[in-house]
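Dropping upload28.tsv in here (TSV, C-alpha atoms):
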```
chain	number	residue	atom	x	y	z
N	17	MET	CA	16.30	-8.26	1.46
N	18	ALA	CA	17.30	-10.20	-1.64
N	19	GLY	CA	14.18	-9.25	-3.57
N	20	PRO	CA	11.95	-9.90	-5.26
N	21	TYR	CA	12.36	-6.58	-7.01
N	22	ILE	CA	9.72	-4.94	-9.18
N	23	GLY	CA	9.85	-6.45	-12.65
N	24	GLN	CA	11.41	-9.72	-11.47
N	25	ILE	CA	9.89	-12.86	-13.01
N	26	ASP	CA	9.64	-16.08	-11.01
N	27	GLU	CA	8.77	-19.37	-12.69
N	28	VAL	CA	6.85	-21.58	-10.27
N	29	ALA	CA	5.52	-25.12	-10.63
N	30	LEU	CA	2.29	-26.31	-9.03
N	31	GLN	CA	2.12	-29.57	-7.12
N	32	ASN	CA	-0.48	-31.76	-5.47
N	33	PRO	CA	-0.50	-32.41	-1.70
N	34	ASP	CA	1.25	-35.75	-2.32
N	35	GLY	CA	4.14	-33.96	-4.01
N	36	SER	CA	3.26	-34.96	-7.58
N	37	PRO	CA	3.17	-32.19	-10.19
N	38	VAL	CA	-0.12	-30.65	-11.30
N	39	LEU	CA	-0.60	-31.54	-14.97
N	40	ASN	CA	-2.41	-29.60	-17.68
N	41	ALA	CA	-4.81	-31.04	-20.26
N	42	GLU	CA	-1.86	-32.19	-22.35
N	43	GLY	CA	-0.36	-34.08	-19.43
N	44	LYS	CA	2.52	-31.64	-18.94
N	45	PRO	CA	3.48	-30.08	-15.58
N	46	VAL	CA	1.91	-26.67	-15.01
N	47	VAL	CA	4.48	-23.90	-14.58
N	48	ILE	CA	3.33	-20.31	-14.08
N	49	LYS	CA	5.28	-17.10	-14.62
N	50	LEU	CA	4.87	-14.48	-11.91
N	51	THR	CA	5.91	-10.92	-12.71
N	52	VAL	CA	6.40	-8.81	-9.59
N	53	VAL	CA	4.46	-5.53	-9.81
N	54	ALA	CA	4.78	-4.29	-6.20
N	55	SER	CA	7.26	-5.32	-3.55
N	56	THR	CA	8.47	-4.06	-0.20
N	57	ALA	CA	11.97	-4.66	-1.61
N	58	GLY	CA	11.24	-1.92	-4.17
N	59	PRO	CA	12.97	-1.65	-7.55
N	60	ALA	CA	16.21	-3.47	-8.28
N	61	PRO	CA	19.28	-1.58	-6.99
N	62	GLU	CA	21.38	0.33	-9.51
N	63	PRO	CA	24.48	-1.59	-10.58
N	64	ALA	CA	27.73	-0.29	-9.10
N	65	PRO	CA	29.68	1.93	-11.51
N	66	ALA	CA	32.56	0.21	-13.30
N	67	GLY	CA	35.95	1.06	-11.85
N	68	GLY	CA	34.71	1.82	-8.37
N	69	VAL	CA	33.84	5.11	-6.74
N	70	GLN	CA	35.62	8.22	-8.04
N	71	GLN	CA	37.23	10.44	-5.46
Z	10	MET	CA	-4.21	-20.97	-19.65
Z	11	PRO	CA	-7.57	-19.17	-19.37
Z	12	ALA	CA	-7.61	-15.44	-18.70
Z	13	ALA	CA	-8.65	-14.27	-15.23
Z	14	ALA	CA	-11.98	-12.44	-14.99
Z	15	ASP	CA	-11.68	-8.67	-14.55
Z	16	GLY	CA	-12.31	-7.34	-11.10
Z	17	SER	CA	-13.87	-9.16	-8.21
Z	18	VAL	CA	-16.85	-11.45	-8.69
Z	19	LEU	CA	-19.10	-12.76	-5.94
Z	20	GLY	CA	-18.36	-16.44	-5.57
Z	21	ASP	CA	-14.75	-16.16	-6.72
Z	22	ASN	CA	-12.69	-19.14	-5.76
Z	23	CYS	CA	-10.04	-17.72	-3.43
Z	24	GLN	CA	-6.98	-19.88	-3.16
Z	25	LEU	CA	-4.07	-20.19	-0.75
Z	26	HIS	CA	-0.92	-22.01	-1.79
Z	27	TYR	CA	2.20	-22.78	0.21
Z	28	SER	CA	5.71	-24.07	-0.39
Z	29	ALA	CA	8.37	-25.36	1.98
Z	30	THR	CA	10.99	-23.95	-0.40
Z	31	LEU	CA	11.72	-20.31	0.33
Z	32	GLY	CA	12.72	-17.67	-2.18
Z	33	GLY	CA	9.82	-17.61	-4.63
Z	34	SER	CA	10.72	-20.47	-6.95
Z	35	GLY	CA	9.49	-23.46	-4.92
Z	36	ALA	CA	6.59	-25.56	-6.20
Z	37	LEU	CA	3.27	-24.39	-4.75
Z	38	THR	CA	0.71	-26.73	-3.16
Z	39	GLU	CA	-2.90	-25.59	-2.92
Z	40	VAL	CA	-4.61	-25.67	0.47
Z	41	PRO	CA	-7.85	-27.57	-0.34
Z	42	ILE	CA	-10.57	-25.15	0.83
Z	43	VAL	CA	-9.93	-21.62	2.07
Z	44	ILE	CA	-12.60	-19.09	3.02
Z	45	ASP	CA	-12.50	-15.55	4.35
Z	46	ASP	CA	-8.85	-15.10	3.48
Z	47	ALA	CA	-7.46	-11.61	3.98
Z	48	ILE	CA	-4.29	-9.61	3.55
Z	49	ASN	CA	-3.68	-7.19	6.40
Z	50	SER	CA	-1.09	-4.47	6.03
Z	51	GLU	CA	0.04	-1.63	8.23
Z	52	ARG	CA	2.90	0.86	8.50
Z	53	ARG	CA	4.48	2.10	11.68
Z	54	SER	CA	3.66	5.69	12.45
Z	55	ALA	CA	5.09	8.36	14.69
Z	56	GLU	CA	2.99	11.14	16.17
Z	57	SER	CA	4.13	14.48	17.46
Z	58	ASN	CA	2.34	17.53	18.83
Z	59	CYS	CA	5.02	20.17	18.55
Z	60	ARG	CA	2.88	22.95	17.06
Z	61	GLY	CA	0.18	23.64	19.56
Z	62	ASP	CA	-2.84	21.51	18.85
Z	63	ALA	CA	-1.71	20.53	15.39
Z	64	GLU	CA	-1.06	16.83	15.50
Z	65	ILE	CA	1.39	15.48	13.00
Z	66	LYS	CA	1.48	11.84	12.05
Z	67	GLU	CA	4.33	10.51	9.98
Z	68	LEU	CA	4.30	7.13	8.31
Z	69	LEU	CA	7.56	5.29	8.70
Z	70	GLY	CA	9.16	2.28	7.11
Z	71	LYS	CA	7.72	-0.39	4.87
Z	72	PRO	CA	4.33	-2.07	5.21
Z	73	LYS	CA	4.17	-5.14	7.40
Z	74	HIS	CA	1.85	-7.71	5.88
Z	75	ALA	CA	-0.04	-10.57	7.46
Z	76	ILE	CA	-2.52	-13.14	6.12
Z	77	THR	CA	-5.56	-14.43	7.93
Z	78	ALA	CA	-7.68	-17.26	6.60
Z	79	ASN	CA	-10.07	-20.01	7.56
Z	80	LEU	CA	-9.19	-23.46	6.28
Z	81	LEU	CA	-11.79	-26.20	6.00
Z	82	PHE	CA	-10.82	-29.87	6.33
Z	83	LYS	CA	-12.80	-33.08	6.44
Z	84	ARG	CA	-13.20	-34.42	9.94
Z	85	GLY	CA	-11.42	-37.72	10.53
Z	86	THR	CA	-9.43	-37.59	7.30
Z	87	PRO	CA	-8.13	-34.02	7.08
Z	88	GLY	CA	-5.37	-34.95	4.63
Z	89	ALA	CA	-1.69	-34.27	4.05
Z	90	THR	CA	-2.00	-30.48	3.87
Z	91	PHE	CA	-3.59	-30.31	7.32
Z	92	THR	CA	-0.78	-32.42	8.77
Z	93	THR	CA	1.94	-30.40	7.04
Z	94	LEU	CA	0.58	-27.01	8.08
Z	95	ARG	CA	-0.10	-28.09	11.66
Z	96	ALA	CA	3.46	-29.43	11.97
Z	97	ALA	CA	4.79	-26.15	10.55
Z	98	TYR	CA	2.75	-24.22	13.12
Z	99	VAL	CA	4.00	-26.31	16.05
Z	100	ALA	CA	7.64	-26.14	14.91
Z	101	GLY	CA	7.52	-22.45	13.90
Z	102	THR	CA	8.66	-23.36	10.39
Z	103	VAL	CA	8.79	-20.53	7.88
Z	104	LEU	CA	6.86	-21.28	4.69
Z	105	HIS	CA	6.28	-19.44	1.43
Z	106	PHE	CA	2.62	-18.48	0.91
Z	107	ALA	CA	0.72	-17.29	-2.18
Z	108	LEU	CA	-2.81	-15.89	-1.99
Z	109	THR	CA	-5.05	-15.30	-5.01
Z	110	SER	CA	-8.64	-14.28	-5.61
Z	111	GLY	CA	-9.13	-16.93	-8.28
Z	112	ALA	CA	-7.33	-19.79	-10.01
Z	113	ILE	CA	-3.59	-19.21	-9.67
Z	114	ALA	CA	-2.82	-20.47	-13.18
Z	115	ASP	CA	-5.11	-17.96	-14.90
Z	116	THR	CA	-3.33	-15.38	-17.03
Z	117	GLY	CA	-3.59	-11.92	-15.45
Z	118	GLN	CA	-4.32	-13.31	-11.99
Z	119	HIS	CA	-2.96	-11.17	-9.13
Z	120	VAL	CA	-0.98	-13.12	-6.56
Z	121	PHE	CA	0.09	-11.86	-3.14
Z	122	ARG	CA	3.16	-13.68	-1.83
Z	123	MET	CA	4.91	-13.52	1.48
Z	124	GLU	CA	7.09	-15.72	3.65
Z	125	GLY	CA	6.25	-16.22	7.26
Z	126	CYS	CA	5.24	-18.60	9.97
Z	127	ILE	CA	1.80	-19.49	11.27
Z	128	LYS	CA	1.36	-17.35	14.38
Z	129	SER	CA	-1.98	-18.72	15.51
Z	130	TRP	CA	-3.89	-21.94	14.85
Z	131	ASN	CA	-7.48	-21.98	16.13
Z	132	GLU	CA	-9.22	-25.25	15.41
Z	133	THR	CA	-12.98	-25.61	15.77
Z	134	ARG	CA	-15.26	-28.53	15.07
Z	135	GLY	CA	-18.66	-27.23	14.21
Z	136	ASP	CA	-21.59	-29.20	12.94
Z	137	ASN	CA	-21.48	-31.64	10.05
Z	138	ASP	CA	-18.14	-33.19	9.17
Z	139	THR	CA	-15.91	-30.15	8.93
Z	140	VAL	CA	-12.85	-29.09	10.90
Z	141	LYS	CA	-12.36	-25.34	10.60
Z	142	VAL	CA	-8.92	-23.88	11.26
Z	143	ALA	CA	-8.41	-20.13	11.57
Z	144	ILE	CA	-4.78	-19.18	10.98
Z	145	GLU	CA	-2.70	-16.03	10.99
Z	146	ILE	CA	0.54	-15.85	9.00
Z	147	VAL	CA	3.09	-13.22	9.97
Z	148	PRO	CA	6.57	-12.38	8.69
Z	149	VAL	CA	9.61	-13.29	10.77
Z	150	ALA	CA	12.86	-11.44	11.37
Z	151	THR	CA	14.88	-13.85	9.26
Z	152	ASN	CA	12.82	-13.27	6.10
Z	153	SER	CA	15.02	-12.80	3.05
Z	154	TYR	CA	12.19	-12.63	0.49
Z	155	ALA	CA	10.05	-9.48	0.58
Z	156	SER	CA	6.26	-9.59	0.52
Z	157	ASN	CA	5.00	-8.70	-2.93
Z	158	TRP	CA	2.22	-8.68	-5.47
Z	159	ALA	CA	2.78	-10.40	-8.80
Z	160	VAL	CA	0.74	-10.98	-11.96
Z	161	VAL	CA	0.56	-14.31	-13.79
Z	162	SER	CA	1.71	-14.11	-17.40
Z	163	ALA	CA	1.35	-16.79	-20.06
```

File written out as C-alpha cells:
Amino acid sequence: MAGPYIGQIDEVALQNPDGSPVLNAEGKPVVIKLTVVASTAGPAPEPAPAGGVQQ
Amino acid sequence: MPAAADGSVLGDNCQLHYSATLGGSGALTEVPIVIDDAINSERRSAESNCRGDAEIKELLGKPKHAITANLLFKRGTPGATFTTLRAAYVAGTVLHFALTSGAIADTGQHVFRMEGCIKSWNETRGDNDTVKVAIEIVPVATNSYASNWAVVSA
C-alpha cells in the first residue's frame, strides 16, 4: 500500500456531474482538506537510517 | 465553510461521492441522492480448539471494508452520474469513493474513503418516477490506496 498514512493531508476539489467545478459563494472552486485519522495502511513508515544498515 | 453538527442527527443528509482518479486527490462528484448507505467491515479470524472445550478465536490481518447504498434516480432522465456508475459496474472499473454523514465540505466532517469496484447493481423501478439502484462496493486486489477515515479541516 502507498498510503494514505495517518496524519496525511489530501486536498480534494469538488465537481459537478458535468465535470465543472463546484463553486463557493464567492465564485471560487471548492477545495477541501482531508486529514487521515485512521487507515488500514497505518502510520507512515519510519525513514531508513542514513548510511544504510550497520552490521 | 460551516462547521459540521456534532454527532448524528435524524435527517442528516448522507452523501456519497466518487472520482475516476485514484489515489485520494481526484476531484469528487456527488451522487445525487443516496439513502441507507452503510460501511461494512470485517476481519478474518482463525479458530482453534486445542485446550479441551476452550475455543480460541484470533483476529487476523486488516479490516476489509465494503460500502452498500441505495441510489435514487429520476426515471427516464437518470442523468450523467447514473450512466457513469453503470458503465463502471459493467466494465469492472475501479473508482475512488467517499462517504459522509453530512455535507462533505463542512469543517469537522468525517469522511470514509475507499477504492473499489461496484460488485452488485440491483435496479428496481417502484412506484412514482424513481429508479432505485442498490449497489455494493468492494475493494479489489490491485488497490494501492488503503481504506481510511479522514476529517475535513478548513

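Using all atoms listed in the file, the smallest distance between any of Z:Ala155, Z:Ala97, Z:Ala29, Z:Ile42 and Gly58 of chain N comes from Z:Ala155.
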
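Here the question is which of N:Val28, N:Glu62, N:Pro33, N:Gly43 gets nearest to Thr92 of chain Z using only C-alpha atoms, and that residue is N:Pro33.
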
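Residue nearest chain N, chosen from Z:Ala36, Z:Ile113, Z:Ile48, Z:Val99 and counting all atoms listed in the file: Z:Ala36.
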
What residues in chain Z have any atom no more than 10 Å from chain N when counting all atoms listed in the file, and can you write them as a PDB file with C-alpha atoms, in the coordinates of the input?
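Written file, iface06.pdb:
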```pdb
ATOM      1  CA  MET Z  10      -4.210 -20.970 -19.650  1.00  0.00           C
ATOM      2  CA  HIS Z  26      -0.920 -22.010  -1.790  1.00  0.00           C
ATOM      3  CA  TYR Z  27       2.200 -22.780   0.210  1.00  0.00           C
ATOM      4  CA  SER Z  28       5.710 -24.070  -0.390  1.00  0.00           C
ATOM      5  CA  GLY Z  32      12.720 -17.670  -2.180  1.00  0.00           C
ATOM      6  CA  GLY Z  33       9.820 -17.610  -4.630  1.00  0.00           C
ATOM      7  CA  SER Z  34      10.720 -20.470  -6.950  1.00  0.00           C
ATOM      8  CA  GLY Z  35       9.490 -23.460  -4.920  1.00  0.00           C
ATOM      9  CA  ALA Z  36       6.590 -25.560  -6.200  1.00  0.00           C
ATOM     10  CA  LEU Z  37       3.270 -24.390  -4.750  1.00  0.00           C
ATOM     11  CA  THR Z  38       0.710 -26.730  -3.160  1.00  0.00           C
ATOM     12  CA  GLU Z  39      -2.900 -25.590  -2.920  1.00  0.00           C
ATOM     13  CA  VAL Z  40      -4.610 -25.670   0.470  1.00  0.00           C
ATOM     14  CA  PRO Z  41      -7.850 -27.570  -0.340  1.00  0.00           C
ATOM     15  CA  GLY Z  70       9.160   2.280   7.110  1.00  0.00           C
ATOM     16  CA  LYS Z  71       7.720  -0.390   4.870  1.00  0.00           C
ATOM     17  CA  PRO Z  72       4.330  -2.070   5.210  1.00  0.00           C
ATOM     18  CA  LYS Z  73       4.170  -5.140   7.400  1.00  0.00           C
ATOM     19  CA  HIS Z  74       1.850  -7.710   5.880  1.00  0.00           C
ATOM     20  CA  GLY Z  88      -5.370 -34.950   4.630  1.00  0.00           C
ATOM     21  CA  ALA Z  89      -1.690 -34.270   4.050  1.00  0.00           C
ATOM     22  CA  THR Z  90      -2.000 -30.480   3.870  1.00  0.00           C
ATOM     23  CA  PHE Z  91      -3.590 -30.310   7.320  1.00  0.00           C
ATOM     24  CA  THR Z  93       1.940 -30.400   7.040  1.00  0.00           C
ATOM     25  CA  ILE Z 113      -3.590 -19.210  -9.670  1.00  0.00           C
ATOM     26  CA  ALA Z 114      -2.820 -20.470 -13.180  1.00  0.00           C
ATOM     27  CA  ASP Z 115      -5.110 -17.960 -14.900  1.00  0.00           C
ATOM     28  CA  THR Z 116      -3.330 -15.380 -17.030  1.00  0.00           C
ATOM     29  CA  GLY Z 117      -3.590 -11.920 -15.450  1.00  0.00           C
ATOM     30  CA  GLN Z 118      -4.320 -13.310 -11.990  1.00  0.00           C
ATOM     31  CA  HIS Z 119      -2.960 -11.170  -9.130  1.00  0.00           C
ATOM     32  CA  VAL Z 120      -0.980 -13.120  -6.560  1.00  0.00           C
ATOM     33  CA  PHE Z 121       0.090 -11.860  -3.140  1.00  0.00           C
ATOM     34  CA  ARG Z 122       3.160 -13.680  -1.830  1.00  0.00           C
ATOM     35  CA  MET Z 123       4.910 -13.520   1.480  1.00  0.00           C
ATOM     36  CA  THR Z 151      14.880 -13.850   9.260  1.00  0.00           C
ATOM     37  CA  ASN Z 152      12.820 -13.270   6.100  1.00  0.00           C
ATOM     38  CA  SER Z 153      15.020 -12.800   3.050  1.00  0.00           C
ATOM     39  CA  TYR Z 154      12.190 -12.630   0.490  1.00  0.00           C
ATOM     40  CA  ALA Z 155      10.050  -9.480   0.580  1.00  0.00           C
ATOM     41  CA  SER Z 156       6.260  -9.590   0.520  1.00  0.00           C
ATOM     42  CA  ASN Z 157       5.000  -8.700  -2.930  1.00  0.00           C
ATOM     43  CA  TRP Z 158       2.220  -8.680  -5.470  1.00  0.00           C
ATOM     44  CA  ALA Z 159       2.780 -10.400  -8.800  1.00  0.00           C
ATOM     45  CA  VAL Z 160       0.740 -10.980 -11.960  1.00  0.00           C
ATOM     46  CA  VAL Z 161       0.560 -14.310 -13.790  1.00  0.00           C
ATOM     47  CA  SER Z 162       1.710 -14.110 -17.400  1.00  0.00           C
ATOM     48  CA  ALA Z 163       1.350 -16.790 -20.060  1.00  0.00           C
TER      49      ALA Z 163
END
```

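Taking atom CA of Val140 of chain Z and atom CA of Leu39 of chain N as the two end points, the separation is 28.7 Å.
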
I need the residue nearest Glu56 of chain Z from this list: Z:Leu31, Z:Ile127, Z:Ala100, Z:Leu69. Use all atoms listed in the file for the distance. Z:Leu69

Could you write out as lines of an AutoDock Vina configuration file the box around segment 35-50 of chain N (axis-aligned, all atoms listed in the file, 4 Å on each side), with centre and edge lengths in Å to one decimal?
```
center_x = 0.2
center_y = -24.7
center_z = -13.2
size_x = 18.1
size_y = 28.5
size_z = 26.3
```

If we count only C-alpha atoms and set the cut-off at 8 Å, which residues sit around Leu25 of chain Z, ignoring sequence neighbours fewer than 6 positions away in its own chain? Please answer as a ChimeraX atom specification. /Z:39-40,43,106-109

For the residues in the current selection, export C-alpha atoms as a PDB file, in the coordinates of the input.
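See part14.pdb below for the written result:
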```
ATOM      1  CA  GLU Z  39      -2.900 -25.590  -2.920  1.00  0.00           C
ATOM      2  CA  VAL Z  40      -4.610 -25.670   0.470  1.00  0.00           C
ATOM      3  CA  VAL Z  43      -9.930 -21.620   2.070  1.00  0.00           C
ATOM      4  CA  PHE Z 106       2.620 -18.480   0.910  1.00  0.00           C
ATOM      5  CA  ALA Z 107       0.720 -17.290  -2.180  1.00  0.00           C
ATOM      6  CA  LEU Z 108      -2.810 -15.890  -1.990  1.00  0.00           C
ATOM      7  CA  THR Z 109      -5.050 -15.300  -5.010  1.00  0.00           C
TER       8      THR Z 109
END
```

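The spacing separating atom CA of Val142 of chain Z from atom CA of Lys128 of chain Z amounts to 12.6 Å.
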
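Residue nearest His105 of chain Z within the list Z:Glu51, Z:Val147, Z:Ser57, Z:Arg84: Z:Val147 [criterion: smallest interatomic distance, all atoms listed in the file].
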
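Going from atom CA of Arg95 of chain Z to atom CA of Pro45 of chain N covers 27.5 Å.
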
Compile the contact shell of Ala55 of chain Z as a list in words: residues with an atom at most 8 Å away, counting all atoms listed in the file, same-chain residues fewer than 4 positions apart removed. Lys66, Glu67, Leu68 and Leu69 of chain Z

Generate N, CA and C atoms for segment 22-44 of chain N and emit them as a short mmCIF file (atom, residue, chain, number, x, y, z; two decimals), in the frame of the given file.
```cif
data_model
loop_
_atom_site.label_atom_id
_atom_site.label_comp_id
_atom_site.auth_asym_id
_atom_site.auth_seq_id
_atom_site.Cartn_x
_atom_site.Cartn_y
_atom_site.Cartn_z
N ILE N 22 10.77 -5.21 -8.20
CA ILE N 22 9.72 -4.94 -9.18
C ILE N 22 10.24 -5.27 -10.57
N GLY N 23 9.45 -6.03 -11.32
CA GLY N 23 9.85 -6.45 -12.65
C GLY N 23 10.46 -7.85 -12.69
N GLN N 24 10.82 -8.37 -11.53
CA GLN N 24 11.41 -9.72 -11.47
C GLN N 24 10.36 -10.76 -11.88
N ILE N 25 10.80 -11.78 -12.58
CA ILE N 25 9.89 -12.86 -13.01
C ILE N 25 10.33 -14.16 -12.35
N ASP N 26 9.40 -14.78 -11.63
CA ASP N 26 9.64 -16.08 -11.01
C ASP N 26 8.84 -17.14 -11.77
N GLU N 27 9.47 -18.24 -12.08
CA GLU N 27 8.77 -19.37 -12.69
C GLU N 27 8.51 -20.41 -11.60
N VAL N 28 7.25 -20.75 -11.41
CA VAL N 28 6.85 -21.58 -10.27
C VAL N 28 5.99 -22.74 -10.76
N ALA N 29 6.32 -23.94 -10.31
CA ALA N 29 5.52 -25.12 -10.63
C ALA N 29 4.42 -25.29 -9.59
N LEU N 30 3.37 -25.98 -9.97
CA LEU N 30 2.29 -26.31 -9.03
C LEU N 30 2.36 -27.80 -8.73
N GLN N 31 2.09 -28.15 -7.47
CA GLN N 31 2.12 -29.57 -7.12
C GLN N 31 0.93 -29.94 -6.26
N ASN N 32 0.61 -31.21 -6.28
CA ASN N 32 -0.48 -31.76 -5.47
C ASN N 32 0.01 -32.00 -4.04
N PRO N 33 -0.91 -32.18 -3.09
CA PRO N 33 -0.50 -32.41 -1.70
C PRO N 33 0.44 -33.61 -1.53
N ASP N 34 0.35 -34.59 -2.44
CA ASP N 34 1.25 -35.75 -2.32
C ASP N 34 2.61 -35.50 -2.95
N GLY N 35 2.85 -34.30 -3.45
CA GLY N 35 4.14 -33.96 -4.01
C GLY N 35 4.25 -34.15 -5.51
N SER N 36 3.22 -34.76 -6.12
CA SER N 36 3.26 -34.96 -7.58
C SER N 36 2.92 -33.66 -8.28
N PRO N 37 3.45 -33.45 -9.49
CA PRO N 37 3.17 -32.19 -10.19
C PRO N 37 1.73 -32.11 -10.69
N VAL N 38 1.18 -30.89 -10.69
CA VAL N 38 -0.12 -30.65 -11.30
C VAL N 38 0.07 -30.65 -12.82
N LEU N 39 -0.75 -31.41 -13.53
CA LEU N 39 -0.60 -31.54 -14.97
C LEU N 39 -1.72 -30.78 -15.69
N ASN N 40 -1.38 -30.26 -16.88
CA ASN N 40 -2.41 -29.60 -17.68
C ASN N 40 -3.13 -30.62 -18.55
N ALA N 41 -4.00 -30.13 -19.43
CA ALA N 41 -4.81 -31.04 -20.26
C ALA N 41 -3.95 -31.90 -21.17
N GLU N 42 -2.75 -31.42 -21.47
CA GLU N 42 -1.86 -32.19 -22.35
C GLU N 42 -0.96 -33.14 -21.57
N GLY N 43 -1.15 -33.18 -20.25
CA GLY N 43 -0.36 -34.08 -19.43
C GLY N 43 1.00 -33.54 -19.05
N LYS N 44 1.23 -32.25 -19.28
CA LYS N 44 2.52 -31.64 -18.94
C LYS N 44 2.41 -30.87 -17.62
#
```
